[in-house]
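Participant: This one is my_file-v7.pdb, PDB, C-alpha atoms.
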```
ATOM      1  CA  MET A   1     -63.963 101.878 -27.382
ATOM      2  CA  ALA A   2     -65.575 100.344 -30.461
ATOM      3  CA  TRP A   3     -65.894 103.841 -31.871
ATOM      4  CA  ASN A   4     -62.141 104.292 -31.381
ATOM      5  CA  LEU A   5     -61.477 101.088 -33.329
ATOM      6  CA  GLU A   6     -63.668 102.304 -36.177
ATOM      7  CA  LYS A   7     -61.882 105.662 -36.215
ATOM      8  CA  LEU A   8     -58.468 103.965 -36.203
ATOM      9  CA  GLU A   9     -59.510 101.633 -39.008
ATOM     10  CA  ARG A  10     -60.767 104.562 -41.116
ATOM     11  CA  GLU A  11     -57.491 106.446 -40.585
ATOM     12  CA  ARG A  12     -55.580 103.263 -41.407
ATOM     13  CA  ILE A  13     -57.460 102.842 -44.681
ATOM     14  CA  ASP A  14     -56.878 106.507 -45.550
ATOM     15  CA  LEU A  15     -53.145 106.147 -44.851
ATOM     16  CA  ILE A  16     -52.908 103.071 -47.056
ATOM     17  CA  GLU A  17     -54.571 105.007 -49.886
ATOM     18  CA  VAL A  18     -52.144 107.915 -49.443
ATOM     19  CA  ILE A  19     -49.132 105.581 -49.334
ATOM     20  CA  THR A  20     -50.313 103.832 -52.499
ATOM     21  CA  ALA A  21     -50.678 107.168 -54.299
ATOM     22  CA  LEU A  22     -47.258 108.323 -53.091
ATOM     23  CA  ARG A  23     -45.617 105.105 -54.265
ATOM     24  CA  HIS A  24     -47.131 105.672 -57.695
ATOM     25  CA  LEU A  25     -45.839 109.247 -57.645
ATOM     26  CA  GLU A  26     -42.405 108.014 -56.540
ATOM     27  CA  ARG A  27     -42.224 105.660 -59.528
ATOM     28  CA  LEU A  28     -43.139 108.460 -61.939
ATOM     29  CA  SER A  29     -41.008 111.167 -60.345
ATOM     30  CA  THR A  30     -37.371 111.708 -61.172
ATOM     31  CA  ALA A  31     -36.647 114.927 -59.293
ATOM     32  CA  ASN A  32     -38.401 114.517 -55.938
ATOM     33  CA  ARG A  33     -37.871 110.827 -55.203
ATOM     34  CA  THR A  34     -36.112 111.472 -51.895
ATOM     35  CA  SER A  35     -38.800 113.780 -50.537
ATOM     36  CA  VAL A  36     -41.564 111.428 -51.689
ATOM     37  CA  PHE A  37     -39.744 108.515 -50.047
ATOM     38  CA  GLU A  38     -39.473 110.484 -46.796
ATOM     39  CA  GLU A  39     -43.185 111.229 -46.920
ATOM     40  CA  ILE A  40     -43.966 107.553 -47.522
ATOM     41  CA  THR A  41     -41.752 106.632 -44.570
ATOM     42  CA  ALA A  42     -43.571 109.080 -42.289
ATOM     43  CA  HIS A  43     -46.951 107.669 -43.301
ATOM     44  CA  MET A  44     -45.701 104.106 -42.796
ATOM     45  CA  GLU A  45     -44.548 105.025 -39.289
ATOM     46  CA  ARG A  46     -47.999 106.429 -38.505
ATOM     47  CA  LEU A  47     -49.574 103.270 -39.923
ATOM     48  CA  SER A  48     -47.427 101.183 -37.559
ATOM     49  CA  GLU A  49     -48.519 103.367 -34.643
ATOM     50  CA  LEU A  50     -52.166 102.888 -35.605
ATOM     51  CA  ASP A  51     -51.732  99.127 -35.820
ATOM     52  CA  ALA A  52     -50.177  99.068 -32.342
ATOM     53  CA  GLU A  53     -52.981 101.215 -30.930
ATOM     54  CA  LYS A  54     -55.589  99.029 -32.601
ATOM     55  CA  LEU A  55     -54.041  95.919 -31.017
ATOM     56  CA  ARG A  56     -53.948  97.602 -27.627
ATOM     57  CA  ILE A  57     -57.606  98.603 -27.807
ATOM     58  CA  GLY A  58     -58.593  95.167 -29.094
ATOM     59  CA  SER A  59     -56.760  93.498 -26.205
ATOM     60  CA  THR A  60     -58.449  95.817 -23.716
ATOM     61  CA  LEU A  61     -61.873  94.983 -25.163
ATOM     62  CA  GLN A  62     -61.183  91.249 -25.003
ATOM     63  CA  ALA A  63     -59.938  91.463 -21.411
ATOM     64  CA  GLY A  64     -62.957  93.516 -20.327
TER
END
```
Starting from the file, give its structure as structure tokens.
Facilitator:
Amino acid sequence: MAWNLEKLERERIDLIEVITALRHLERLSTANRTSVFEEITAHMERLSELDAEKLRIGSTLQAG
């Protein structure tokens, strides 16, 4: 389970880096703002899913 937490944390960090880059692109872009925003939203949703999974695994480890 600890390995799963490490994997989730690595994916979380990667997603944050991607979101940061996309936000920068969104600020610079004039033509594709909507598509960039949609991509950011999708990554944010995945980040929320990872956070929920991380909490679930952490709770399981504490209970066990």
Participant: Just how far from atom CA of A:Ala42 is atom CA of A:Leu55, in Å to one decimal?
Facilitator: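 Distance reported for this atom pair: 20.2 Å.
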Participant: Calculated over only C-alpha atoms, which of the candidates A:Ser48, A:Thr34, A:Ser59, A:Thr41 has the smallest distance to A:Glu11?
Facilitator: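 Smallest distance to A:Glu11 is found for A:Ser48.
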Participant: Would you mind telling me which residue in A:Leu25, A:Ala31, A:Leu61, A:Val18 lies nearest to A:His43 when using all atoms listed in the file?
Facilitator: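 Residue with the minimum atom-to-atom distance to A:His43: A:Val18.
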Participant: Take the PyMOL selection byres ((chain A and resi 40) around 9), apply it to the structure above, and return the hits as JSON, numbers by chain.
Facilitator: {"A": [18, 19, 20, 22, 23, 35, 36, 37, 38, 39, 41, 42, 43, 44, 45]}
Participant: If you measure from atom CA of A:Arg12 to atom CA of A:Leu47, what distance in Å do you get, rounded to one decimal?
Facilitator: 6.2 Å
Participant: If you measure from atom CA of A:Ala21 to atom CA of A:Ala52, what distance in Å do you get, rounded to one decimal?
Facilitator: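 Here the two named atoms are 23.4 Å from each other.
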Participant: What's around A:Lys54 at 10 Å? Count only C-alpha atoms, leave out sequence neighbours fewer than 2 positions away in its own chain, and write the answer as an mmCIF file with C-alpha atoms, in the coordinates of the input.
Facilitator:
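Heads up, here's the output in out35.cif:
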```
data_model
loop_
_atom_site.group_PDB
_atom_site.id
_atom_site.type_symbol
_atom_site.label_atom_id
_atom_site.label_comp_id
_atom_site.auth_asym_id
_atom_site.auth_seq_id
_atom_site.Cartn_x
_atom_site.Cartn_y
_atom_site.Cartn_z
ATOM 1 C CA ASN A 4 -62.141 104.292 -31.381
ATOM 2 C CA LEU A 5 -61.477 101.088 -33.329
ATOM 3 C CA GLU A 6 -63.668 102.304 -36.177
ATOM 4 C CA LYS A 7 -61.882 105.662 -36.215
ATOM 5 C CA LEU A 8 -58.468 103.965 -36.203
ATOM 6 C CA GLU A 9 -59.510 101.633 -39.008
ATOM 7 C CA ARG A 12 -55.580 103.263 -41.407
ATOM 8 C CA SER A 48 -47.427 101.183 -37.559
ATOM 9 C CA GLU A 49 -48.519 103.367 -34.643
ATOM 10 C CA LEU A 50 -52.166 102.888 -35.605
ATOM 11 C CA ASP A 51 -51.732 99.127 -35.820
ATOM 12 C CA ALA A 52 -50.177 99.068 -32.342
ATOM 13 C CA ARG A 56 -53.948 97.602 -27.627
ATOM 14 C CA ILE A 57 -57.606 98.603 -27.807
ATOM 15 C CA GLY A 58 -58.593 95.167 -29.094
ATOM 16 C CA SER A 59 -56.760 93.498 -26.205
ATOM 17 C CA THR A 60 -58.449 95.817 -23.716
#
```
Participant: Rank A:Leu15, A:Arg33, A:Leu28, A:Gln62 by their smallest atom-to-atom distance to A:Arg46, using only C-alpha atoms, and report the top residue only.
Facilitator: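 Between A:Leu15, A:Arg33, A:Leu28, A:Gln62, the residue approaching A:Arg46 most closely is A:Leu15.
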Participant: Once 3 Å is added on each side, what are the centre and the three edge lengths, in Å to one decimal, of the axis-aligned box enclosing the listed atoms of stretch 53-56 of chain A? Present them as JSON.
Facilitator:
```
{"center_x": -54.3, "center_y": 98.6, "center_z": -30.1, "size_x": 8.6, "size_y": 11.3, "size_z": 11.0}
```
Participant: Got a minute to add N, CA and C atoms to stretch 4-29 of chain A and dump it as a CSV table (one decimal), keeping the file's coordinate frame?
Facilitator:
```
chain,number,residue,atom,x,y,z
A,4,ASN,N,-63.6,104.0,-31.2
A,4,ASN,CA,-62.1,104.3,-31.4
A,4,ASN,C,-61.6,103.3,-32.4
A,5,LEU,N,-62.0,102.1,-32.3
A,5,LEU,CA,-61.5,101.1,-33.3
A,5,LEU,C,-61.9,101.5,-34.7
A,6,GLU,N,-63.2,101.9,-34.9
A,6,GLU,CA,-63.7,102.3,-36.2
A,6,GLU,C,-62.9,103.5,-36.7
A,7,LYS,N,-62.6,104.5,-35.8
A,7,LYS,CA,-61.9,105.7,-36.2
A,7,LYS,C,-60.5,105.3,-36.6
A,8,LEU,N,-59.8,104.4,-35.9
A,8,LEU,CA,-58.5,104.0,-36.2
A,8,LEU,C,-58.5,103.2,-37.5
A,9,GLU,N,-59.5,102.4,-37.8
A,9,GLU,CA,-59.5,101.6,-39.0
A,9,GLU,C,-59.7,102.6,-40.2
A,10,ARG,N,-60.5,103.6,-40.0
A,10,ARG,CA,-60.8,104.6,-41.1
A,10,ARG,C,-59.5,105.3,-41.4
A,11,GLU,N,-58.8,105.7,-40.4
A,11,GLU,CA,-57.5,106.4,-40.6
A,11,GLU,C,-56.5,105.5,-41.2
A,12,ARG,N,-56.5,104.3,-40.8
A,12,ARG,CA,-55.6,103.3,-41.4
A,12,ARG,C,-55.8,103.1,-42.9
A,13,ILE,N,-57.1,103.0,-43.3
A,13,ILE,CA,-57.5,102.8,-44.7
A,13,ILE,C,-57.0,104.1,-45.5
A,14,ASP,N,-57.3,105.3,-44.9
A,14,ASP,CA,-56.9,106.5,-45.6
A,14,ASP,C,-55.4,106.6,-45.8
A,15,LEU,N,-54.6,106.2,-44.7
A,15,LEU,CA,-53.1,106.1,-44.9
A,15,LEU,C,-52.7,105.2,-45.9
A,16,ILE,N,-53.3,104.0,-46.0
A,16,ILE,CA,-52.9,103.1,-47.1
A,16,ILE,C,-53.2,103.7,-48.4
A,17,GLU,N,-54.3,104.4,-48.6
A,17,GLU,CA,-54.6,105.0,-49.9
A,17,GLU,C,-53.5,106.1,-50.2
A,18,VAL,N,-53.2,106.9,-49.2
A,18,VAL,CA,-52.1,107.9,-49.4
A,18,VAL,C,-50.8,107.3,-49.8
A,19,ILE,N,-50.4,106.2,-49.1
A,19,ILE,CA,-49.1,105.6,-49.3
A,19,ILE,C,-49.1,105.0,-50.7
A,20,THR,N,-50.2,104.4,-51.2
A,20,THR,CA,-50.3,103.8,-52.5
A,20,THR,C,-50.1,104.9,-53.6
A,21,ALA,N,-50.8,106.1,-53.4
A,21,ALA,CA,-50.7,107.2,-54.3
A,21,ALA,C,-49.2,107.7,-54.3
A,22,LEU,N,-48.6,107.8,-53.2
A,22,LEU,CA,-47.3,108.3,-53.1
A,22,LEU,C,-46.3,107.4,-53.8
A,23,ARG,N,-46.5,106.1,-53.6
A,23,ARG,CA,-45.6,105.1,-54.3
A,23,ARG,C,-45.7,105.2,-55.8
A,24,HIS,N,-46.9,105.5,-56.3
A,24,HIS,CA,-47.1,105.7,-57.7
A,24,HIS,C,-46.4,106.9,-58.1
A,25,LEU,N,-46.5,108.0,-57.3
A,25,LEU,CA,-45.8,109.2,-57.6
A,25,LEU,C,-44.3,109.0,-57.6
A,26,GLU,N,-43.8,108.3,-56.7
A,26,GLU,CA,-42.4,108.0,-56.5
A,26,GLU,C,-41.9,107.3,-57.8
A,27,ARG,N,-42.7,106.4,-58.3
A,27,ARG,CA,-42.2,105.7,-59.5
A,27,ARG,C,-42.2,106.6,-60.7
A,28,LEU,N,-43.1,107.6,-60.8
A,28,LEU,CA,-43.1,108.5,-61.9
A,28,LEU,C,-42.2,109.6,-61.8
A,29,SER,N,-41.8,110.0,-60.6
A,29,SER,CA,-41.0,111.2,-60.3
A,29,SER,C,-39.5,110.9,-60.5
```
